[in-house]
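**Q** Right, I'll just put the structure down here and ask away after.
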Amino acid sequence: MWTDKQRGIRVSQQELLCKNACGYYGNPVWQGFCSKCWREKARPAAASRPSSDGTLLTFSKFEEKKSTEKGRRINTMRRLFWGSPSPPKPQESSERHANVLKPYQSLEPGDFTGFLKILKSPSSQRLQSRCTAFLNTMEAYHDLPVQKQSDLVQDFFQSFAEYFSSFPEAQVTRIMEHVEKLIMTRLHKWVFCHDSCDDEQTDLALQKRIRSLNWITPQMLSVPFPDKKTAVTGDPFLSAITAIIEMDAKRAPQDKLSCVSKCSQHVFEALSTSNSEPANADDFLSALVYVVLKANPPRLHSNMQYVIRFGLPHSLMAGESGYYFTNLSCAVAFIEKLDGPALNLSPAEFDGYMLRQRAPSEGKRQQVAGDAQHLFVELKGRQEKLDQGMDALNMQLQNWVKAVHSQLDEATAQFALVQKEVAAQGELSQVSSSSSHNASPQEDDKDESALVLADQPAGTQDTDC
């Protein structure tokens, strides 16, 4: 099932689906069943338990008891959610119900802020108060077993979805994604890695297992890697490794699933640049195993269990996110059961690697060294081009500074000439004004003399002459 000497890890599409042939994706955590079939399968197991009088319960009685318990639990959720055993009847407040639903019809996908604004509006006060009441109740009873808390959360999601039963399925799904984010962001600290389960111990064991397999190379997993002629620096799967590590920082199950989807998309992008042939499912699973081994994501098991227990069922059973999460579960299961034949190694070779008595072959080490040398040469060429660009830029900067200084000197010289011209014009104006003041008294004396002579008799003028 797991290995193929030609390309990657062999897992057919049929093996990813539920063993019950319901059409949904299965999961190794549920022994190959989907979440729905797994819960139905778990019920007959409890039917064989003896009753209080020592007799075995029949299957019909068990089903009746199970249905009664489920009905009681759902009614409890409805009472908590609606304040009555059932949702409000349409004939009683159909107009009010329509007014409450109307703002949610225009809600855009991914607009969580818009959803919160609508939920806080006066028309949605009842929905908001029920969400608050449920959160307070869950926080008060956070010591319940984690599976019991999972059932309560899923029942709450189902009760909330019934309120929007008149909406199209896609629209209800979109609303429920916002509800899940609202509820689980608050409950994350209470239910994640709960004390009632062994998730923490499993995380430590899985991390130890992955660290012990750090000697595995991409070639052992038949992961397509770029050749020397491809201009790729570093690990082409680095973006995928970063995305899967970020999953632990998220609190809502759908946000953790988004990290898994982003990681898977980066894996396909890396495969498209590393392989001349189109990437197939075998290449994808092999590369995903490599990404998990290199990333060793923190609390990987706890994060996956958190998504399984508290995520919306449709996100895991179908669609792109369901496919990617199923492959991640297969990758983890492959790592946990990894042995020599899965890597085309003999048991002795595998044990030697695990005991650190062996290392990758000389040829592979030479290949790694050659790749490193090729990368060094490429980086050196880039550094030389960068230095040349810096020199050219420095020369341009110096020329620009010289041009600025030259223009500044020219402007200073022109300003000095203008100042001299202004000063000369000022002096000329002063000289002309002073000369005009000196000539005026002489002209006045001549005029007075002429007037005196004009007033004397004619004989007198001759005598004086």
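Residue numbers start at 1 in each chain; chains themselves are named A, B, ... in the order of the structure tokens; ligands are numbered from 1 in the order shown.
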So that I can check the surroundings of region 191-208 of chain A, please list as a list in words every protein, DNA and RNA residue that reaches within 6 Å of it, counting only C-alpha atoms and ignoring chain neighbours fewer than 2 positions away.
**A** Pro145, His188, Lys189, Ile210, Arg211, Arg299, His301 and Ser302 of chain A
**Q** Go ahead and save the picked residues with all heavy atoms, as a PDB file, in the first residue's frame.
**A**
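This went into part.pdb:
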ATOM      1  N   PRO A 145     -15.087  15.035  30.298  1.00  0.00           N
ATOM      2  CA  PRO A 145     -14.213  14.362  29.331  1.00  0.00           C
ATOM      3  C   PRO A 145     -14.275  15.057  27.975  1.00  0.00           C
ATOM      4  O   PRO A 145     -15.307  15.586  27.574  1.00  0.00           O
ATOM      5  CB  PRO A 145     -14.774  12.939  29.273  1.00  0.00           C
ATOM      6  CG  PRO A 145     -15.469  12.765  30.584  1.00  0.00           C
ATOM      7  CD  PRO A 145     -16.023  14.102  30.946  1.00  0.00           C
ATOM      8  N   HIS A 188     -10.877  27.206  23.109  1.00  0.00           N
ATOM      9  CA  HIS A 188      -9.609  26.557  22.789  1.00  0.00           C
ATOM     10  C   HIS A 188      -8.802  26.244  24.038  1.00  0.00           C
ATOM     11  O   HIS A 188      -8.270  25.137  24.209  1.00  0.00           O
ATOM     12  CB  HIS A 188      -8.809  27.449  21.833  1.00  0.00           C
ATOM     13  CG  HIS A 188      -7.454  26.924  21.501  1.00  0.00           C
ATOM     14  ND1 HIS A 188      -6.333  27.234  22.242  1.00  0.00           N
ATOM     15  CD2 HIS A 188      -7.022  26.092  20.504  1.00  0.00           C
ATOM     16  CE1 HIS A 188      -5.288  26.634  21.721  1.00  0.00           C
ATOM     17  NE2 HIS A 188      -5.669  25.934  20.677  1.00  0.00           N
ATOM     18  N   LYS A 189      -8.696  27.200  24.939  1.00  0.00           N
ATOM     19  CA  LYS A 189      -7.852  26.996  26.120  1.00  0.00           C
ATOM     20  C   LYS A 189      -8.418  25.952  27.072  1.00  0.00           C
ATOM     21  O   LYS A 189      -7.695  25.442  27.927  1.00  0.00           O
ATOM     22  CB  LYS A 189      -7.669  28.317  26.859  1.00  0.00           C
ATOM     23  CG  LYS A 189      -8.955  28.912  27.399  1.00  0.00           C
ATOM     24  CD  LYS A 189      -8.687  30.230  28.103  1.00  0.00           C
ATOM     25  CE  LYS A 189      -9.977  30.855  28.641  1.00  0.00           C
ATOM     26  NZ  LYS A 189      -9.712  32.148  29.322  1.00  0.00           N
ATOM     27  N   ILE A 210       9.758  11.410  14.909  1.00  0.00           N
ATOM     28  CA  ILE A 210      10.158  12.206  13.747  1.00  0.00           C
ATOM     29  C   ILE A 210      11.628  12.605  13.856  1.00  0.00           C
ATOM     30  O   ILE A 210      12.364  12.590  12.860  1.00  0.00           O
ATOM     31  CB  ILE A 210       9.248  13.447  13.621  1.00  0.00           C
ATOM     32  CG1 ILE A 210       7.825  13.016  13.259  1.00  0.00           C
ATOM     33  CG2 ILE A 210       9.781  14.415  12.571  1.00  0.00           C
ATOM     34  CD1 ILE A 210       6.838  14.168  13.197  1.00  0.00           C
ATOM     35  N   ARG A 211      12.088  12.961  15.066  1.00  0.00           N
ATOM     36  CA  ARG A 211      13.503  13.305  15.235  1.00  0.00           C
ATOM     37  C   ARG A 211      14.410  12.117  14.931  1.00  0.00           C
ATOM     38  O   ARG A 211      15.514  12.292  14.406  1.00  0.00           O
ATOM     39  CB  ARG A 211      13.755  13.801  16.664  1.00  0.00           C
ATOM     40  CG  ARG A 211      13.314  15.232  16.914  1.00  0.00           C
ATOM     41  CD  ARG A 211      13.939  15.774  18.196  1.00  0.00           C
ATOM     42  NE  ARG A 211      13.540  14.993  19.361  1.00  0.00           N
ATOM     43  CZ  ARG A 211      12.502  15.261  20.125  1.00  0.00           C
ATOM     44  NH1 ARG A 211      11.726  16.309  19.838  1.00  0.00           N
ATOM     45  NH2 ARG A 211      12.209  14.515  21.174  1.00  0.00           N
ATOM     46  N   ARG A 299       3.096  19.771  18.581  1.00  0.00           N
ATOM     47  CA  ARG A 299       1.783  19.262  19.006  1.00  0.00           C
ATOM     48  C   ARG A 299       0.915  18.860  17.802  1.00  0.00           C
ATOM     49  O   ARG A 299      -0.267  19.188  17.724  1.00  0.00           O
ATOM     50  CB  ARG A 299       1.067  20.302  19.867  1.00  0.00           C
ATOM     51  CG  ARG A 299       1.833  20.683  21.102  1.00  0.00           C
ATOM     52  CD  ARG A 299       1.036  21.540  22.048  1.00  0.00           C
ATOM     53  NE  ARG A 299       0.723  22.855  21.509  1.00  0.00           N
ATOM     54  CZ  ARG A 299       0.119  23.816  22.174  1.00  0.00           C
ATOM     55  NH1 ARG A 299      -0.248  23.616  23.434  1.00  0.00           N
ATOM     56  NH2 ARG A 299      -0.127  24.986  21.636  1.00  0.00           N
ATOM     57  N   HIS A 301      -0.201  15.886  16.782  1.00  0.00           N
ATOM     58  CA  HIS A 301      -1.311  14.984  17.112  1.00  0.00           C
ATOM     59  C   HIS A 301      -2.448  15.745  17.800  1.00  0.00           C
ATOM     60  O   HIS A 301      -3.624  15.544  17.461  1.00  0.00           O
ATOM     61  CB  HIS A 301      -0.807  13.853  18.016  1.00  0.00           C
ATOM     62  CG  HIS A 301      -1.887  12.951  18.520  1.00  0.00           C
ATOM     63  ND1 HIS A 301      -2.453  11.951  17.742  1.00  0.00           N
ATOM     64  CD2 HIS A 301      -2.530  12.896  19.725  1.00  0.00           C
ATOM     65  CE1 HIS A 301      -3.380  11.326  18.445  1.00  0.00           C
ATOM     66  NE2 HIS A 301      -3.455  11.880  19.646  1.00  0.00           N
ATOM     67  N   SER A 302      -2.119  16.609  18.753  1.00  0.00           N
ATOM     68  CA  SER A 302      -3.158  17.375  19.456  1.00  0.00           C
ATOM     69  C   SER A 302      -3.915  18.288  18.502  1.00  0.00           C
ATOM     70  O   SER A 302      -5.139  18.432  18.593  1.00  0.00           O
ATOM     71  CB  SER A 302      -2.532  18.198  20.579  1.00  0.00           C
ATOM     72  OG  SER A 302      -1.999  17.364  21.589  1.00  0.00           O
TER      73      SER A 302
END
**Q** Tell me which protein, DNA and RNA residues are within 12 Å of Leu312 (chain A), counting only C-alpha atoms, leaving out same-chain ones fewer than 2 positions away, and put them as a compact mmCIF listing (two decimals) with N, CA, C and O atoms, in the first residue's frame.
**A**
# COMPACT_ATOMS: atom_id res chain seq x y z
N SER A 35 -16.21 10.42 9.82
CA SER A 35 -16.67 10.68 11.19
C SER A 35 -18.08 10.16 11.43
O SER A 35 -18.39 9.62 12.51
N LYS A 36 -18.93 10.28 10.43
CA LYS A 36 -20.31 9.83 10.58
C LYS A 36 -20.38 8.31 10.74
O LYS A 36 -21.03 7.80 11.67
N SER A 150 -16.86 17.37 23.08
CA SER A 150 -16.98 17.34 21.62
C SER A 150 -18.43 17.12 21.20
O SER A 150 -18.94 17.78 20.28
N ASP A 151 -19.11 16.18 21.87
CA ASP A 151 -20.52 15.93 21.54
C ASP A 151 -21.39 17.17 21.80
O ASP A 151 -22.28 17.49 21.01
N VAL A 153 -20.46 20.33 21.75
CA VAL A 153 -20.17 21.36 20.75
C VAL A 153 -20.83 21.00 19.42
O VAL A 153 -21.43 21.86 18.75
N GLN A 154 -20.73 19.74 19.01
CA GLN A 154 -21.34 19.34 17.75
C GLN A 154 -22.86 19.48 17.81
O GLN A 154 -23.50 19.87 16.82
N ASP A 155 -23.46 19.15 18.95
CA ASP A 155 -24.91 19.33 19.11
C ASP A 155 -25.28 20.81 19.04
O ASP A 155 -26.33 21.17 18.48
N PHE A 156 -24.46 21.67 19.61
CA PHE A 156 -24.73 23.10 19.53
C PHE A 156 -24.66 23.59 18.09
O PHE A 156 -25.50 24.38 17.64
N PHE A 157 -23.65 23.13 17.35
CA PHE A 157 -23.55 23.50 15.94
C PHE A 157 -24.80 23.06 15.18
O PHE A 157 -25.34 23.80 14.34
N GLN A 158 -25.27 21.84 15.46
CA GLN A 158 -26.46 21.34 14.78
C GLN A 158 -27.68 22.18 15.14
O GLN A 158 -28.50 22.51 14.26
N ALA A 161 -27.46 25.52 13.34
CA ALA A 161 -27.70 25.40 11.90
C ALA A 161 -29.19 25.27 11.60
O ALA A 161 -29.66 25.72 10.55
N VAL A 172 -25.60 28.30 4.63
CA VAL A 172 -25.57 27.80 6.01
C VAL A 172 -24.14 27.39 6.39
O VAL A 172 -23.68 27.67 7.51
N THR A 173 -23.44 26.75 5.46
CA THR A 173 -22.06 26.35 5.73
C THR A 173 -21.18 27.56 6.02
O THR A 173 -20.35 27.54 6.94
N ARG A 174 -21.39 28.61 5.25
CA ARG A 174 -20.60 29.83 5.45
C ARG A 174 -20.88 30.44 6.83
O ARG A 174 -19.96 30.88 7.53
N ILE A 175 -22.14 30.47 7.22
CA ILE A 175 -22.49 31.01 8.54
C ILE A 175 -21.92 30.15 9.65
O ILE A 175 -21.39 30.65 10.65
N MET A 176 -22.01 28.84 9.48
CA MET A 176 -21.54 27.94 10.53
C MET A 176 -20.01 28.00 10.69
O MET A 176 -19.49 27.75 11.78
N GLU A 177 -19.30 28.33 9.63
CA GLU A 177 -17.86 28.51 9.76
C GLU A 177 -17.54 29.69 10.68
O GLU A 177 -16.60 29.64 11.48
N HIS A 178 -18.34 30.75 10.56
CA HIS A 178 -18.16 31.89 11.47
C HIS A 178 -18.53 31.51 12.91
O HIS A 178 -17.85 31.93 13.86
N VAL A 179 -19.60 30.73 13.06
CA VAL A 179 -20.01 30.30 14.39
C VAL A 179 -18.92 29.42 15.03
O VAL A 179 -18.59 29.57 16.21
N GLU A 180 -18.38 28.52 14.24
CA GLU A 180 -17.31 27.66 14.76
C GLU A 180 -16.12 28.48 15.23
O GLU A 180 -15.55 28.23 16.29
N LYS A 181 -15.74 29.48 14.44
CA LYS A 181 -14.60 30.32 14.81
C LYS A 181 -14.89 31.09 16.09
O LYS A 181 -14.01 31.23 16.96
N ILE A 183 -17.03 30.27 18.56
CA ILE A 183 -17.13 29.38 19.72
C ILE A 183 -15.78 28.79 20.10
O ILE A 183 -15.36 28.83 21.26
N MET A 184 -15.06 28.26 19.12
CA MET A 184 -13.84 27.52 19.43
C MET A 184 -12.67 28.43 19.77
O MET A 184 -11.73 28.00 20.43
N ALA A 252 -8.94 28.39 16.00
CA ALA A 252 -10.16 27.85 15.41
C ALA A 252 -9.81 26.65 14.53
O ALA A 252 -8.81 26.67 13.82
N PRO A 253 -10.62 25.58 14.55
CA PRO A 253 -10.33 24.41 13.70
C PRO A 253 -10.21 24.76 12.23
O PRO A 253 -9.36 24.21 11.53
N GLN A 254 -11.07 25.66 11.74
CA GLN A 254 -11.00 26.00 10.32
C GLN A 254 -9.70 26.73 9.99
O GLN A 254 -9.18 26.59 8.88
N ASP A 255 -9.15 27.51 10.92
CA ASP A 255 -7.87 28.17 10.68
C ASP A 255 -6.73 27.16 10.64
O ASP A 255 -5.78 27.31 9.86
N LEU A 257 -7.15 24.07 9.66
CA LEU A 257 -7.34 23.42 8.36
C LEU A 257 -6.82 24.29 7.23
O LEU A 257 -6.29 23.78 6.23
N TYR A 306 -7.84 17.97 17.72
CA TYR A 306 -8.68 19.15 17.98
C TYR A 306 -9.58 19.44 16.78
O TYR A 306 -10.77 19.73 16.93
N VAL A 307 -9.01 19.34 15.58
CA VAL A 307 -9.81 19.56 14.37
C VAL A 307 -10.86 18.48 14.22
O VAL A 307 -12.01 18.75 13.86
N ILE A 308 -10.48 17.23 14.50
CA ILE A 308 -11.42 16.12 14.36
C ILE A 308 -12.57 16.24 15.35
O ILE A 308 -13.74 16.01 15.01
N ARG A 309 -12.28 16.62 16.58
CA ARG A 309 -13.31 16.66 17.62
C ARG A 309 -14.22 17.87 17.51
O ARG A 309 -15.43 17.76 17.75
N PHE A 310 -13.67 19.03 17.16
CA PHE A 310 -14.44 20.27 17.27
C PHE A 310 -14.62 21.00 15.94
O PHE A 310 -15.22 22.07 15.93
N HIS A 314 -18.49 18.73 7.78
CA HIS A 314 -18.36 18.81 6.32
C HIS A 314 -16.95 19.22 5.89
O HIS A 314 -16.53 18.92 4.77
N SER A 315 -16.21 19.89 6.77
CA SER A 315 -14.86 20.31 6.43
C SER A 315 -13.90 19.14 6.32
O SER A 315 -12.90 19.21 5.59
N LEU A 316 -14.18 18.06 7.03
CA LEU A 316 -13.31 16.89 7.02
C LEU A 316 -13.81 15.78 6.11
O LEU A 316 -13.02 14.94 5.68
N MET A 317 -15.11 15.77 5.83
CA MET A 317 -15.69 14.65 5.09
C MET A 317 -15.65 14.86 3.58
O MET A 317 -15.75 13.89 2.83
N ALA A 318 -15.50 16.09 3.12
CA ALA A 318 -15.54 16.34 1.68
C ALA A 318 -14.79 17.63 1.39
O ALA A 318 -14.38 18.37 2.30
N SER A 321 -10.34 20.82 1.65
CA SER A 321 -9.76 20.72 2.98
C SER A 321 -9.82 19.30 3.52
O SER A 321 -8.88 18.83 4.18
N GLY A 322 -10.92 18.59 3.24
CA GLY A 322 -11.04 17.20 3.67
C GLY A 322 -10.01 16.31 3.01
O GLY A 322 -9.42 15.42 3.65
**Q** Show me, as a list in words, the residues that have an atom within 9 Å of region 269-271 of chain A when counting only C-alpha atoms, minus same-chain residues fewer than 3 positions from it.
**A** Val223, Pro224, Phe225, Pro226, Pro236, Phe237, Ser239, Ala240, Ser264, Gln265, His266, Ser274, Asn275, Ser276, Pro278, Ala279, Asp283, Phe284 and Ala287 of chain A
**Q** Using DSSP secondary structure from the backbone, list all helix (DSSP H, G or I) positions within region 256-351 of chain A, as a VMD selection string.
**A** chain A and resid 256 to 274 281 to 295 300 to 310 313 to 317 319 to 336 341 to 343 347 to 351
**Q** What's the separation between CA of Leu393 (chain A) and CA of Gln407 (chain A), in Å to one decimal place?
**A** 21.0 Å
**Q** Which of these, A:Ser261, A:Gln171, A:Gln147, A:Gln219, has the shortest distance to Gln305 (chain A) once you count only C-alpha atoms?
**A**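 Of A:Ser261, A:Gln171, A:Gln147, A:Gln219, the one nearest Gln305 (chain A) is A:Gln147, counting only C-alpha atoms.
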**Q** What is the distance between CA of Met247 (chain A) and CA of Leu328 (chain A), in Å to one decimal?
**A**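 Those two atoms sit 12.5 Å apart.
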**Q** Rank A:Tyr324, A:Phe376, A:Phe112, A:Phe134 by their smallest atom-to-atom distance to Ser159 (chain A), using only C-alpha atoms, and report the top residue only.
**A** A:Phe134
**Q** Find the residues near Asp351 (chain A): any atom within 12 Å, counting only C-alpha atoms, skip ones fewer than 4 places away on the same chain, and give them as a PyMOL selection string.
**A** chain A and resi 212-213+215+338-341+345-347+355-359
**Q** Convert the current residue selection to file output with all heavy atoms, as a short mmCIF file (atom, residue, chain, number, x, y, z; two decimals), in the first residue's frame.
**A**
data_model
loop_
_atom_site.label_atom_id
_atom_site.label_comp_id
_atom_site.auth_asym_id
_atom_site.auth_seq_id
_atom_site.Cartn_x
_atom_site.Cartn_y
_atom_site.Cartn_z
N SER A 212 13.95 10.92 15.25
CA SER A 212 14.77 9.75 14.98
C SER A 212 14.86 9.43 13.49
O SER A 212 15.72 8.63 13.08
CB SER A 212 14.21 8.53 15.73
OG SER A 212 12.95 8.15 15.20
N LEU A 213 13.99 10.05 12.68
CA LEU A 213 13.98 9.81 11.24
C LEU A 213 14.54 10.98 10.45
O LEU A 213 14.29 11.10 9.25
CB LEU A 213 12.54 9.53 10.77
CG LEU A 213 11.86 8.30 11.37
CD1 LEU A 213 10.39 8.26 10.97
CD2 LEU A 213 12.56 7.02 10.92
N TRP A 215 17.33 11.44 9.30
CA TRP A 215 18.32 11.03 8.32
C TRP A 215 17.71 10.71 6.97
O TRP A 215 18.43 10.49 5.98
CB TRP A 215 19.06 9.79 8.84
CG TRP A 215 18.15 8.70 9.34
CD1 TRP A 215 17.72 8.52 10.62
CD2 TRP A 215 17.53 7.66 8.56
NE1 TRP A 215 16.88 7.43 10.71
CE2 TRP A 215 16.75 6.88 9.45
CE3 TRP A 215 17.55 7.32 7.21
CZ2 TRP A 215 16.00 5.79 9.02
CZ3 TRP A 215 16.82 6.23 6.78
CH2 TRP A 215 16.06 5.47 7.68
N LEU A 338 6.66 3.54 9.74
CA LEU A 338 7.74 3.50 8.74
C LEU A 338 8.75 2.41 9.08
O LEU A 338 9.18 2.27 10.24
CB LEU A 338 8.42 4.87 8.70
CG LEU A 338 9.51 5.05 7.65
CD1 LEU A 338 8.93 4.89 6.25
CD2 LEU A 338 10.14 6.43 7.79
N ASP A 339 9.14 1.63 8.07
CA ASP A 339 10.16 0.60 8.23
C ASP A 339 11.05 0.57 7.00
O ASP A 339 10.92 1.41 6.10
CB ASP A 339 9.51 -0.77 8.48
CG ASP A 339 8.52 -1.15 7.38
OD1 ASP A 339 8.42 -0.40 6.38
OD2 ASP A 339 7.83 -2.18 7.52
N GLY A 340 11.97 -0.39 6.96
CA GLY A 340 12.92 -0.47 5.87
C GLY A 340 12.30 -0.65 4.50
O GLY A 340 12.63 0.09 3.56
N PRO A 341 11.42 -1.65 4.31
CA PRO A 341 10.83 -1.84 2.98
C PRO A 341 10.10 -0.61 2.44
O PRO A 341 10.04 -0.41 1.23
CB PRO A 341 9.86 -3.01 3.21
CG PRO A 341 10.43 -3.76 4.35
CD PRO A 341 11.05 -2.72 5.24
N LEU A 345 14.80 -0.19 1.77
CA LEU A 345 15.98 -0.54 2.53
C LEU A 345 15.76 -1.90 3.19
O LEU A 345 14.63 -2.27 3.52
CB LEU A 345 16.28 0.50 3.63
CG LEU A 345 16.55 1.94 3.18
CD1 LEU A 345 16.68 2.84 4.40
CD2 LEU A 345 17.82 2.01 2.34
N SER A 346 16.85 -2.59 3.42
CA SER A 346 16.76 -3.85 4.15
C SER A 346 16.56 -3.55 5.64
O SER A 346 16.89 -2.46 6.11
CB SER A 346 18.04 -4.67 3.94
OG SER A 346 19.15 -4.00 4.52
N PRO A 347 16.04 -4.49 6.40
CA PRO A 347 15.89 -4.25 7.84
C PRO A 347 17.20 -3.89 8.52
O PRO A 347 17.22 -3.05 9.42
CB PRO A 347 15.33 -5.58 8.36
CG PRO A 347 14.61 -6.16 7.18
CD PRO A 347 15.42 -5.76 5.98
N LEU A 355 19.99 3.55 14.53
CA LEU A 355 20.96 3.52 15.62
C LEU A 355 22.14 4.43 15.36
O LEU A 355 23.13 4.39 16.12
CB LEU A 355 21.45 2.08 15.83
CG LEU A 355 20.37 1.07 16.27
CD1 LEU A 355 20.96 -0.34 16.30
CD2 LEU A 355 19.80 1.45 17.62
N ARG A 356 22.09 5.24 14.31
CA ARG A 356 23.15 6.16 13.93
C ARG A 356 24.46 5.43 13.61
O ARG A 356 25.55 5.99 13.76
CB ARG A 356 23.41 7.20 15.04
CG ARG A 356 22.22 8.07 15.34
CD ARG A 356 21.87 8.94 14.13
NE ARG A 356 20.85 9.92 14.43
CZ ARG A 356 19.53 9.74 14.30
NH1 ARG A 356 19.09 8.55 13.89
NH2 ARG A 356 18.67 10.69 14.57
N GLN A 357 24.35 4.17 13.21
CA GLN A 357 25.53 3.42 12.81
C GLN A 357 25.81 3.57 11.33
O GLN A 357 26.88 3.17 10.86
CB GLN A 357 25.36 1.94 13.16
CG GLN A 357 25.22 1.68 14.65
CD GLN A 357 24.92 0.22 14.95
OE1 GLN A 357 24.72 -0.58 14.04
NE2 GLN A 357 24.90 -0.12 16.24
N ARG A 358 24.88 4.12 10.61
CA ARG A 358 25.03 4.34 9.18
C ARG A 358 24.66 5.79 8.87
O ARG A 358 23.99 6.46 9.66
CB ARG A 358 24.13 3.40 8.36
CG ARG A 358 24.47 1.92 8.50
CD ARG A 358 23.47 1.10 7.75
NE ARG A 358 23.44 1.42 6.33
CZ ARG A 358 24.16 0.80 5.40
NH1 ARG A 358 24.98 -0.18 5.76
NH2 ARG A 358 24.08 1.12 4.14
N ALA A 359 25.11 6.23 7.73
CA ALA A 359 24.79 7.56 7.24
C ALA A 359 24.43 7.43 5.76
O ALA A 359 24.68 6.38 5.15
CB ALA A 359 25.96 8.51 7.44
#
**Q** What does the distance between CA of Lys148 (chain A) and CA of Trp190 (chain A) come to in Å, to one decimal place?
**A** 13.0 Å
